[in-house]
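Here the structure is laid out as structure tokens; the discussion comes afterwards.
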Amino acid sequence: MKTKLRLLSLLLSLLLLASLWGCSMPGIGTNSGASTSEKASTTVPEDIFLEETTWNEGVEYETETEFLGPFTEPVPVTTPDPYFVTDPIELKLDFGGETVKIFYGSEAVRNEFDIDVTGEILNDSIYARNIKVEEMLNVKFEWKGMEALSSHANEYVQHAEAMSAAGEGFDIYAATRRAMARLLTRACLQDFNLIKDGYIDLSKPWYFVDAQREDLTVGGANFLAAGDISANALLQMNVIFYNVGFAEAWGRKDIASMVMEGKWTLDALIELSKSIYVDQDGSGSKSDADDYGFTQAQYLDSDAFYSGAGLKFFKIDPTGDRFVMSSSDLTSQKAADLNEKLYAFFDDPSSYTGTPYSLDGKYALPFAEGRALFCHGVLGLADMGGEFSVLDFEYGILPIPKYDENQEQHITTLSNKAVFWGINNYLITERELMNSAVIESMARFGYNTVTPALFEVTMKMRFGASSKTLASDMFDLIRDSVRIDLGKLFSENAAALPTMFANGVTTSANHWIMSASNSQTRAQIQRSESELNKSIDYALNQQK
């Protein structure tokens with residue numbers, strides 16, 4: 001069980017980090033105006049991050065020590081888990097104190113960039129990760145933030161291009177989908193595969209491996225890194241929250257076991273939600289004061305059910321004639337049936353969901369107040385400051401349901417605020433090598449320290465003792481099933497299909513299939529497809 005094992009390492013790491021808070025060491029939590037370079041000079045104990053051994057099949061060996069409290073000796077724990085860490089964690093390189101300039105999107109929900117120690121577990125794990133990578137590679141991070149979400153993506157990209165043209169370009173970019181996709185199509189990102197002797201290994205478990213291999217490999221190139229390198233990627237995973245006590249009160253038991261048995265499907269979600277509605281305020285109509293079987297934080301999240309059903313908006317062209325192409329799923333009978341089924345479900349009294357352009361956040365309120373069985377949203381709802389961060393009842397998480405039991409596995413999508421990382425394409429070779437080491441190290445340490453802390457903050461404390469193992473397994477299942485639809489990544493270049501689908505399931509039973517089949521829409525999709533392929537071709541041809 002990956003998360004559980006990494007939590008042991010996290011506990012030891014946090015104890016060591018806590019010792020730093022109590023010391024009068026310069027630059028830690030005492031001067032909020034300290035520069036990044038001053039922070040980087042602070043020494044973090046070498047053993048704050050434990051090294052792991054390589055797995056040998058069929059051999060049991062000591063991989064960790066179980067923490068039993070500050071006044072007891074660690075007790076060895078023997079486990080044959082092959083998924084914990086597959087090789088030594090440190091690269092141990094020396095780049096001579098070079099400054100690494102990182103241009104990040106300042107709108108990120110969780111600050112994972114230029115931060116100080118605060119005493120909050122996830123924040124301080126990210127802080128320790130950043131400092132450790134600086135020390136391990138002998139580099140200094142210089143952070144610059146600028147809003148990059150939605151309409152601000154153009155400004156972010158224009159600033160990045162202007163800095164490169166002036167010979168003062170950033171080394172690494174870290175921002176949300178729209179900005180990073182635009183950097184890619186404007187040839188601002190380096191193909192990781194072309195970095196000679198580069199360190200980035202996208203097959204390692206600290207990346208979304210299936211997504212990197214099957215979704216983000218375009219024209220044989222990899223421009224974006226996604227996974228444990230960013231807490232904001234994990235916090236933007238679409239999940240289904242469920243209220244344990246509410247479920248028992250309504251006779252809905254053993255919901256989580258349905259996932260493990262392959263029975264967690266859209267029909268199961270609908271059936272479990274069915275008939276749960278109480279008009280608590282006596283208004284005679286749905287309101288955020290009533291009890292529900294299902295709520296959805298935003299109507300825009302509806303496209304997660306489309307991807308969760310194994311359907312695609314855009315995909316890699318298997319013929320090689322183009323790089324990407326619109327999917328035949330758009331006008332399939334399955335897509336039409338899904339639209340009809342979701343529309344009926346959302347329209348039912350048991351569901352309280354957002355309608356188009358109603359994004360006031362109240363659709364999560366019934367669940368937050370313990371008056372709903374399910375709520376669909378992003379994991380970040382349970383993060384510090386999120387609507388579910390202060391709940392006093394036991395709740396759990398489930399993946400987006402499969403379309404039916406014939407579907408082999410669950411599919412998890414990322415919401416729009418997920419952060420991706422990439423390397424500036426216009427740098428000398430030596431800097432590309434250094435930057436690849438930075439990204440790989442940030443991802444590796446994220447996997448072993450930041451991700452367990454994120455799990456601890458968002459989920460573990462919400463469970464009773466008997467449910468913690470199940471919570472860990474569910475978290476790992478969701479994280480490992482992340483896929484990235486190219487139609488969502490390049491939504492501006494793909495006729496905004498995810499938004500069109502979300503509109504469809506909240507408008508009418510057959511809205512989606514009518515829209516996707518409309519001649520004007522098809523013409524728009526074809527233009528978008530052509531423009532996107534030209535942009536990708538341009539990006540590939542501009543690689544050094």
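Identifiers in this document derive from the order of the structure tokens: chains are assigned A, B, ..., residues are numbered from 1 separately in each chain, and ligands are numbered from 1 in order of occurrence.
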Open item on the list: Can you tell me which residues surround stretch 92-95 of chain A at a distance of at most 12 Å, considering only C-alpha atoms, apart from same-chain residues fewer than 3 positions away, and format the answer as a PyMOL selection string?
Closed with: chain A and resi 46+88-89+98-100+132-140+199+430-438+440-441
Task: Spatial neighbours of A:Ser275, max dist 8 Å, only C-alpha atoms, sep filter under 5 positions, as a ChimeraX atom specification - done: /A:293,349-350
Open item on the list: When you count only C-alpha atoms, which of these residues is closest to A:Asn111: A:Ala231, A:Asp201, A:Gln212, A:Asn130?
Closed with: A:Ala231
Open item on the list: For a quick check of understanding, using only C-alpha atoms, which of A:Ile484, A:Leu427, A:Ile276, A:Ile513 has the smallest distance to A:Trp250?
Closed with: A:Ile276
Sort by chain and increasing residue number a table of all residues of stretch 349-420 of chain A within 6 Å of stretch 241-246 of chain A, each with its closest pair of atoms and their distance in Å to one decimal, counting only C-alpha atoms, and write it as CSV.
residue,atom,partner,partner_atom,distance
A:Leu373,CA,A:Asn243,CA,5.3
A:Phe374,CA,A:Tyr242,CA,4.5
A:Cys375,CA,A:Phe241,CA,5.1
A:Glu394,CA,A:Val244,CA,5.7
A:Tyr395,CA,A:Asn243,CA,4.5
A:Gly396,CA,A:Tyr242,CA,5.4
A:Ile397,CA,A:Phe241,CA,4.5
Put those residues in a file: all heavy atoms, as a compact mmCIF listing (two decimals), in the first residue's frame.
# COMPACT_ATOMS: atom_id res chain seq x y z
N LEU A 373 -25.57 12.58 0.64
CA LEU A 373 -24.81 11.32 0.61
C LEU A 373 -23.54 11.47 -0.19
O LEU A 373 -22.46 11.09 0.28
CB LEU A 373 -25.69 10.22 0.02
CG LEU A 373 -25.01 8.86 -0.23
CD1 LEU A 373 -24.43 8.31 1.07
CD2 LEU A 373 -26.00 7.87 -0.84
N PHE A 374 -23.64 12.01 -1.41
CA PHE A 374 -22.49 12.14 -2.30
C PHE A 374 -22.27 13.60 -2.70
O PHE A 374 -23.22 14.38 -2.76
CB PHE A 374 -22.70 11.34 -3.59
CG PHE A 374 -22.83 9.86 -3.42
CD1 PHE A 374 -24.02 9.21 -3.69
CD2 PHE A 374 -21.73 9.10 -3.00
CE1 PHE A 374 -24.14 7.83 -3.56
CE2 PHE A 374 -21.84 7.72 -2.85
CZ PHE A 374 -23.04 7.09 -3.13
N CYS A 375 -21.03 13.92 -2.99
CA CYS A 375 -20.71 15.20 -3.62
C CYS A 375 -19.57 14.99 -4.61
O CYS A 375 -18.52 14.44 -4.25
CB CYS A 375 -20.29 16.26 -2.60
SG CYS A 375 -19.89 17.87 -3.36
N GLU A 394 -17.43 11.82 9.59
CA GLU A 394 -16.56 10.91 8.86
C GLU A 394 -17.01 10.82 7.40
O GLU A 394 -18.17 10.58 7.11
CB GLU A 394 -16.63 9.52 9.50
CG GLU A 394 -15.66 8.51 8.91
CD GLU A 394 -15.71 7.18 9.66
OE1 GLU A 394 -16.15 7.16 10.81
OE2 GLU A 394 -15.30 6.17 9.04
N TYR A 395 -16.06 11.02 6.50
CA TYR A 395 -16.39 10.90 5.08
C TYR A 395 -15.24 10.25 4.33
O TYR A 395 -14.12 10.16 4.84
CB TYR A 395 -16.75 12.25 4.46
CG TYR A 395 -15.62 13.25 4.37
CD1 TYR A 395 -14.77 13.28 3.27
CD2 TYR A 395 -15.43 14.20 5.36
CE1 TYR A 395 -13.75 14.21 3.17
CE2 TYR A 395 -14.43 15.14 5.27
CZ TYR A 395 -13.58 15.14 4.18
OH TYR A 395 -12.57 16.07 4.08
N GLY A 396 -15.52 9.79 3.13
CA GLY A 396 -14.50 9.13 2.33
C GLY A 396 -14.51 9.63 0.90
O GLY A 396 -15.30 10.50 0.54
N ILE A 397 -13.61 9.10 0.09
CA ILE A 397 -13.54 9.45 -1.32
C ILE A 397 -13.67 8.20 -2.17
O ILE A 397 -13.27 7.11 -1.77
CB ILE A 397 -12.22 10.18 -1.67
CG1 ILE A 397 -11.00 9.37 -1.20
CG2 ILE A 397 -12.22 11.59 -1.14
CD1 ILE A 397 -9.68 9.94 -1.69
Task: Those of stretch 152-296 of chain A in DSSP strand (DSSP E), formatted as an NGL selection string - done: :A and (172-176 or 217-218 or 221-222 or 238-243 or 277-278 or 291-296)
Keeping only C-alpha atoms, write those residues as a compact mmCIF listing (two decimals), in the first residue's frame.
# COMPACT_ATOMS: atom_id res chain seq x y z
CA ILE A 172 11.20 26.28 -15.83
CA TYR A 173 7.49 26.98 -16.23
CA ALA A 174 4.84 25.74 -13.80
CA ALA A 175 1.27 26.80 -14.44
CA THR A 176 -2.26 25.63 -15.13
CA THR A 217 3.27 11.94 -25.74
CA VAL A 218 2.53 13.93 -28.90
CA ALA A 221 7.66 14.28 -27.77
CA ASN A 222 7.00 14.95 -24.08
CA ASN A 238 -12.05 14.73 -9.63
CA VAL A 239 -13.48 12.49 -6.90
CA ILE A 240 -16.80 11.55 -5.33
CA PHE A 241 -17.02 12.32 -1.60
CA TYR A 242 -19.45 10.30 0.50
CA ASN A 243 -20.80 10.84 4.02
CA TYR A 277 -34.52 14.10 -0.90
CA VAL A 278 -35.99 16.02 2.03
CA ASP A 291 -31.16 16.95 1.91
CA TYR A 292 -29.92 15.18 -1.24
CA GLY A 293 -28.51 11.94 -2.54
CA PHE A 294 -26.04 13.73 -4.83
CA THR A 295 -24.57 17.20 -5.18
CA GLN A 296 -22.02 18.59 -7.61
TODO: Within 6 Å of stretch 202-209 of chain A, counting only C-alpha atoms, which residues show up once you throw out same-chain ones fewer than 2 positions away? Write them as a PyMOL selection string, please.
DONE: chain A and resi 211-212+226-228+443-444+447
Could you take the residues named above and write them with C-alpha atoms, as a tab-separated table (two decimals), in the first residue's frame?
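So the final result, stored in result02.tsv, reads:
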chain	number	residue	atom	x	y	z
A	211	ALA	CA	-1.21	9.80	-18.84
A	212	GLN	CA	2.40	10.66	-19.64
A	226	ALA	CA	2.42	15.94	-14.38
A	227	GLY	CA	2.10	14.05	-11.13
A	228	ASP	CA	3.55	14.32	-7.64
A	443	ALA	CA	8.82	14.98	-8.55
A	444	ARG	CA	10.69	12.28	-6.64
A	447	TYR	CA	6.11	11.47	-4.23
Open item on the list: For the alpha helix (DSSP H) assignment from backbone DSSP, which residues of stretch 278-481 of chain A qualify? Please present them as a PyMOL selection string.
Closed with: chain A and resi 303-308+333-347+365-368+429-445+451-458+468-480
- [ ] Using only C-alpha atoms, find the one residue out of A:Leu338, A:Leu486, A:Leu379, A:Leu497 that sits nearest to A:Asp317.
- [x]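 Once distances to A:Asp317 are computed over only C-alpha atoms, the minimum belongs to A:Leu486.
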